[in-house]
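Worksheet for the structure shown next.
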Amino acid sequence: TISLQRLKCEVEEELKKKTIKDLFIYLHHLLLFNDPNKILSKIKCAKWLIIFLITEIRSSNIILGKILNEKISTVLEHWLRVSLIPMGWIYDFNKIVARYAKFHTQLPLFYKSESGITCVKFSRDGTKIVAGFKDNTIRVFDEKLRLINVLEGNSHLVNDIQISSDNNTILSCSDDKTIRLWDVNSGKEVRKLEGHTDSIQSVQFSLDGNTILSSSWDGSIRLWDVRSGQEIKNLTLLPSRVYDAQFSHDCQKIVSSLSNATIEIWDVTSGKKIKEFKGHSNQVIRSQFSPDGKFIVSCSFDKTVRIWNVRSGREVMNFEKHSDWVENVKYFPDGQYIISCSWDKTLRVWDVETGQEVQILEGHPTGVTGVDISLTNQLIVSSSVDGTIQLWR
């Protein structure tokens with residue numbers, strides 16, 4: 001089997017003297033005639049090569065846009081033409097090509113406010129976008145960022161928000177130490193939950209919509225009954241501030257992000273801590289389970305994004321290309337990519353298997369404070385401290 005190091009050297013050498021189209025012919029024959037029975041090795045090599053090529057295209061002195069799209073189209077069309085041969089692994093390679101050649105581009109849809117934005121989320125069906133603002137308001141938009149409603153009532157800025165799965169209720173938390181439920185259509189406050197004694201940093205509905213999970217700088221994670229508004233469980237983590245708490249996808253576990261640079265997993269039923277992850281060198285801001293529940297992704301003031309194996313508790317990946325603290329990170333629904341946003345003004349897409357940076361999304365003039373991915377159409381929404389919301393496809 002070809003070693004990746006040898007392959008890298010050969011590709012770099014060929015890249016100096018060949019066009020991208022010619023290079024694909026070279027790679028095609030290189031993979032075809034070197035140990036064709038080692039299918040998995042070939043797929044891994046092919047995947048690495050695609051990342052290498054796309055990175056090379058992006059880093060060349062061309063303007064992203066029409067020229068880039070033409071180059072990628074040429075690569076795809078040529079590959080499809082030369083790969084029509086009776087070898088099954090080639091068709092897997094075609095899928096990899098299509099996957100890695102897809103770039104997210106900024107859409108000509110954006111919203112600008114005089115107030116900075118702290119967070120932004122899609123509704124589950126992708127038809128609404130909701131954002132929290134530093135002027136203490138919550139604003140609701142349609143999928144084209146047309147303003148639908150403005151919710152007022154908080155006395156301090158809103159830190160986190162979510163729309164219920166039926167699209168009828170907005171859940172929010174604030175520096176004013178309250179959790180609030182709002183009617184989407186009327187914009188009126190339905191219920192206010194009180195009990196935290198310091199700023200509340202995150203809130204989330206359980207999968208069935210009957211329970212709310214919250215985290216606070218008062219050092220606690222709390223569970224609340226949606227109908228009654230009563231607190232049903234309190235997990236105290238003092239003396240650490242809790243920046244974030246998220247359910248696992250089956251809602252049986254909670255992952256928490258702490259100011260002491262650790263990540264902890266809790267059992268929902270027993271309220272006991274199951275595991276602790278250490279490795280970040282500064283406060284952990286966000287953490288989230290992978291869609292299959294086997295991994296956790298986290299981001300921190302230490303400017304890194306990290307992936308952890310839930311079973312072993314070990315760090316398996318460390319992404320270090322952000323130049324300022326990383327505000328948020330999310331898995332794409334397929335679990336094969338993550339996207340992070342940072343105060344370095346960028347969003348970055350990463351491949352979780354290879355550890356490669358797939359794309360940098362630039363467009364915000366100041367720090368990016370929030371990011372979310374639509375479950376229905378893979379749209380990305382991002383928010384910034386300068387008061388802008390942007391969409392990417």
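Residue names in the structure tokens use chain letters A, B, ... in the order shown, residue numbers from 1 in each chain, and ligand numbers from 1 in the order shown.
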Show which residues sit within 8 Å of Leu347 (chain A), as a PyMOL selection string. Count only C-alpha atoms, and ignore same-chain residues fewer than 3 positions away. chain A and resi 339-342+360-362+368
Neighbours of region 184-191 of chain A within 9 Å (only C-alpha atoms; same-chain residues fewer than 3 positions away dropped), as a list of chain:residue names? A:Val140, A:Ile148, A:Asn149, A:Val150, A:Leu151, A:Glu152, A:Gly153, A:Ile163, A:Asn167, A:Asn168, A:Thr169, A:Ile170, A:Ile179, A:Arg180, A:Leu181, A:Gly229
For the residues selected in the previous step, produce a file with N, CA and C atoms as a tab-separated table (two decimals), in the first residue's frame.
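Wrote result.tsv, looks like this:
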```tsv
chain	number	residue	atom	x	y	z
A	140	VAL	N	-37.33	37.46	16.07
A	140	VAL	CA	-37.72	36.28	15.30
A	140	VAL	C	-37.75	36.64	13.81
A	148	ILE	N	-39.93	39.11	11.86
A	148	ILE	CA	-41.32	38.75	12.13
A	148	ILE	C	-41.82	39.38	13.42
A	149	ASN	N	-40.98	39.34	14.46
A	149	ASN	CA	-41.43	39.81	15.77
A	149	ASN	C	-40.24	40.18	16.65
A	150	VAL	N	-40.48	41.07	17.60
A	150	VAL	CA	-39.48	41.46	18.59
A	150	VAL	C	-40.07	41.18	19.97
A	151	LEU	N	-39.35	40.38	20.78
A	151	LEU	CA	-39.83	40.02	22.12
A	151	LEU	C	-39.07	40.84	23.16
A	152	GLU	N	-39.81	41.51	24.02
A	152	GLU	CA	-39.21	42.37	25.04
A	152	GLU	C	-39.67	41.97	26.43
A	153	GLY	N	-38.78	42.08	27.41
A	153	GLY	CA	-39.13	41.73	28.78
A	153	GLY	C	-37.93	41.49	29.66
A	163	ILE	N	-36.04	27.39	19.86
A	163	ILE	CA	-37.45	27.29	19.49
A	163	ILE	C	-37.90	25.85	19.70
A	167	ASN	N	-42.62	24.69	17.00
A	167	ASN	CA	-42.52	26.08	16.52
A	167	ASN	C	-43.41	27.07	17.26
A	168	ASN	N	-43.98	26.68	18.39
A	168	ASN	CA	-44.92	27.56	19.09
A	168	ASN	C	-44.28	28.35	20.24
A	169	THR	N	-43.15	27.86	20.76
A	169	THR	CA	-42.59	28.45	21.98
A	169	THR	C	-41.10	28.74	21.81
A	170	ILE	N	-40.68	29.88	22.32
A	170	ILE	CA	-39.26	30.23	22.37
A	170	ILE	C	-38.80	30.15	23.81
A	179	ILE	N	-35.13	32.39	33.28
A	179	ILE	CA	-35.44	31.60	32.09
A	179	ILE	C	-36.86	31.99	31.70
A	180	ARG	N	-37.09	32.25	30.43
A	180	ARG	CA	-38.42	32.68	30.01
A	180	ARG	C	-38.91	31.86	28.83
A	181	LEU	N	-40.23	31.63	28.82
A	181	LEU	CA	-40.92	30.98	27.71
A	181	LEU	C	-41.81	32.02	27.05
A	229	GLY	N	-43.28	24.86	35.48
A	229	GLY	CA	-42.23	25.85	35.71
A	229	GLY	C	-41.42	25.56	36.96
```
To test your reading of the structure, identify every residue in region 86-325 of chain A that backbone DSSP assigns to strand (DSSP E or B), and report it as a short mmCIF file (atom, residue, chain, number, x, y, z; two decimals) with C-alpha atoms, in the first residue's frame.
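New file part27.cif:
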```cif
data_model
loop_
_atom_site.label_atom_id
_atom_site.label_comp_id
_atom_site.auth_asym_id
_atom_site.auth_seq_id
_atom_site.Cartn_x
_atom_site.Cartn_y
_atom_site.Cartn_z
CA GLN A 106 -22.22 33.44 1.77
CA LEU A 107 -25.78 34.15 0.64
CA PRO A 108 -26.90 37.68 -0.25
CA LEU A 109 -29.25 37.60 2.75
CA PHE A 110 -28.28 39.31 5.98
CA TYR A 111 -29.71 41.34 8.85
CA LYS A 112 -28.02 44.36 10.43
CA ILE A 117 -25.94 39.76 18.87
CA THR A 118 -25.11 37.08 21.45
CA CYS A 119 -26.68 33.94 19.93
CA VAL A 120 -28.64 32.65 16.93
CA LYS A 121 -30.62 29.45 16.25
CA PHE A 122 -32.75 27.80 13.56
CA LYS A 128 -37.58 30.40 11.46
CA ILE A 129 -34.44 31.96 12.91
CA VAL A 130 -34.30 33.44 16.40
CA ALA A 131 -31.54 35.62 17.84
CA GLY A 132 -30.66 37.19 21.19
CA PHE A 133 -29.46 40.80 21.29
CA ILE A 138 -35.18 38.53 21.18
CA ARG A 139 -35.97 38.83 17.49
CA VAL A 140 -37.72 36.28 15.30
CA PHE A 141 -37.06 36.01 11.53
CA ASP A 142 -38.23 33.88 8.65
CA LEU A 147 -38.10 40.30 10.79
CA ILE A 148 -41.32 38.75 12.13
CA ASN A 149 -41.43 39.81 15.77
CA VAL A 150 -39.48 41.46 18.59
CA LEU A 151 -39.83 40.02 22.12
CA VAL A 158 -30.04 37.29 26.34
CA ASN A 159 -27.38 34.54 26.39
CA ASP A 160 -29.11 31.58 24.76
CA ILE A 161 -32.33 30.70 22.94
CA GLN A 162 -34.17 27.79 21.35
CA ILE A 163 -37.45 27.29 19.49
CA THR A 169 -42.59 28.45 21.98
CA ILE A 170 -39.26 30.23 22.37
CA LEU A 171 -37.02 29.36 25.32
CA SER A 172 -34.47 31.95 26.49
CA CYS A 173 -32.08 32.72 29.33
CA SER A 174 -30.43 35.93 30.39
CA THR A 178 -34.27 34.25 34.54
CA ILE A 179 -35.44 31.60 32.09
CA ARG A 180 -38.42 32.68 30.01
CA LEU A 181 -40.92 30.98 27.71
CA TRP A 182 -42.48 33.08 24.94
CA ASP A 183 -45.37 32.56 22.53
CA GLU A 189 -44.07 36.03 27.72
CA VAL A 190 -45.81 32.81 28.79
CA ARG A 191 -43.80 31.85 31.86
CA LYS A 192 -40.77 33.00 33.85
CA LEU A 193 -38.62 30.48 35.73
CA GLU A 194 -36.52 31.74 38.63
CA ILE A 200 -27.76 31.89 33.09
CA GLN A 201 -25.57 30.89 30.16
CA SER A 202 -27.49 28.14 28.33
CA VAL A 203 -30.93 26.58 28.03
CA GLN A 204 -32.24 23.61 26.07
CA PHE A 205 -35.50 21.69 25.64
CA THR A 211 -38.07 19.38 30.38
CA ILE A 212 -35.71 22.37 30.31
CA LEU A 213 -31.99 22.09 31.00
CA SER A 214 -30.15 25.22 32.19
CA SER A 215 -26.61 26.15 33.24
CA SER A 216 -25.42 29.16 35.19
CA SER A 220 -25.29 24.76 38.96
CA ILE A 221 -27.07 22.76 36.26
CA ARG A 222 -30.82 22.57 36.73
CA LEU A 223 -33.74 20.66 35.24
CA TRP A 224 -37.20 22.25 35.08
CA ASP A 225 -40.71 21.02 34.30
CA GLU A 231 -37.32 23.02 39.34
CA ILE A 232 -37.08 19.22 39.41
CA LYS A 233 -33.31 18.67 39.81
CA ASN A 234 -30.26 20.71 40.80
CA LEU A 235 -26.72 19.53 40.08
CA THR A 236 -24.26 21.76 41.94
CA VAL A 242 -20.98 26.55 34.18
CA TYR A 243 -20.83 28.03 30.68
CA ASP A 244 -22.91 25.38 28.94
CA ALA A 245 -24.92 22.20 29.47
CA GLN A 246 -26.34 20.04 26.69
CA PHE A 247 -28.41 16.85 26.59
CA LYS A 253 -26.83 12.22 29.76
CA ILE A 254 -25.71 15.84 30.13
CA VAL A 255 -22.37 17.29 29.09
CA SER A 256 -21.25 20.44 30.92
CA SER A 257 -18.56 23.04 30.09
CA LEU A 258 -16.82 24.60 33.07
CA THR A 262 -12.92 20.74 32.39
CA ILE A 263 -15.84 18.96 30.71
CA GLU A 264 -18.09 16.66 32.70
CA ILE A 265 -20.74 14.07 31.82
CA TRP A 266 -23.73 13.54 34.13
CA ASP A 267 -26.39 10.86 34.32
CA LYS A 273 -21.17 12.62 37.51
CA ILE A 274 -20.05 9.82 35.18
CA LYS A 275 -16.87 11.17 33.62
CA GLU A 276 -14.53 14.15 33.52
CA PHE A 277 -12.36 15.34 30.61
CA LYS A 278 -9.26 17.46 31.09
CA VAL A 284 -14.51 25.68 28.21
CA ILE A 285 -17.34 27.64 26.59
CA ARG A 286 -19.34 24.99 24.69
CA SER A 287 -19.48 21.21 24.36
CA GLN A 288 -21.81 18.91 22.46
CA PHE A 289 -22.33 15.17 21.93
CA PHE A 295 -17.76 11.64 20.96
CA ILE A 296 -17.90 15.14 22.43
CA VAL A 297 -16.70 18.29 20.70
CA SER A 298 -15.69 21.30 22.79
CA CYS A 299 -14.35 24.83 22.36
CA SER A 300 -12.53 27.14 24.72
CA VAL A 305 -11.58 22.99 19.33
CA ARG A 306 -11.19 19.44 20.65
CA ILE A 307 -12.90 16.08 20.19
CA TRP A 308 -13.07 13.51 22.98
CA ASN A 309 -13.90 9.81 23.04
CA GLU A 315 -8.78 13.55 23.61
CA VAL A 316 -8.70 12.28 20.01
CA MET A 317 -8.44 15.51 18.00
CA ASN A 318 -7.21 19.05 18.60
CA PHE A 319 -7.91 21.84 16.09
#
```
Non-local contacts of Pro291 (chain A) (12 Å; only C-alpha atoms; under 5 positions in same chain excluded) as an NGL selection string: :A and (247-250 or 296-297 or 330-338)
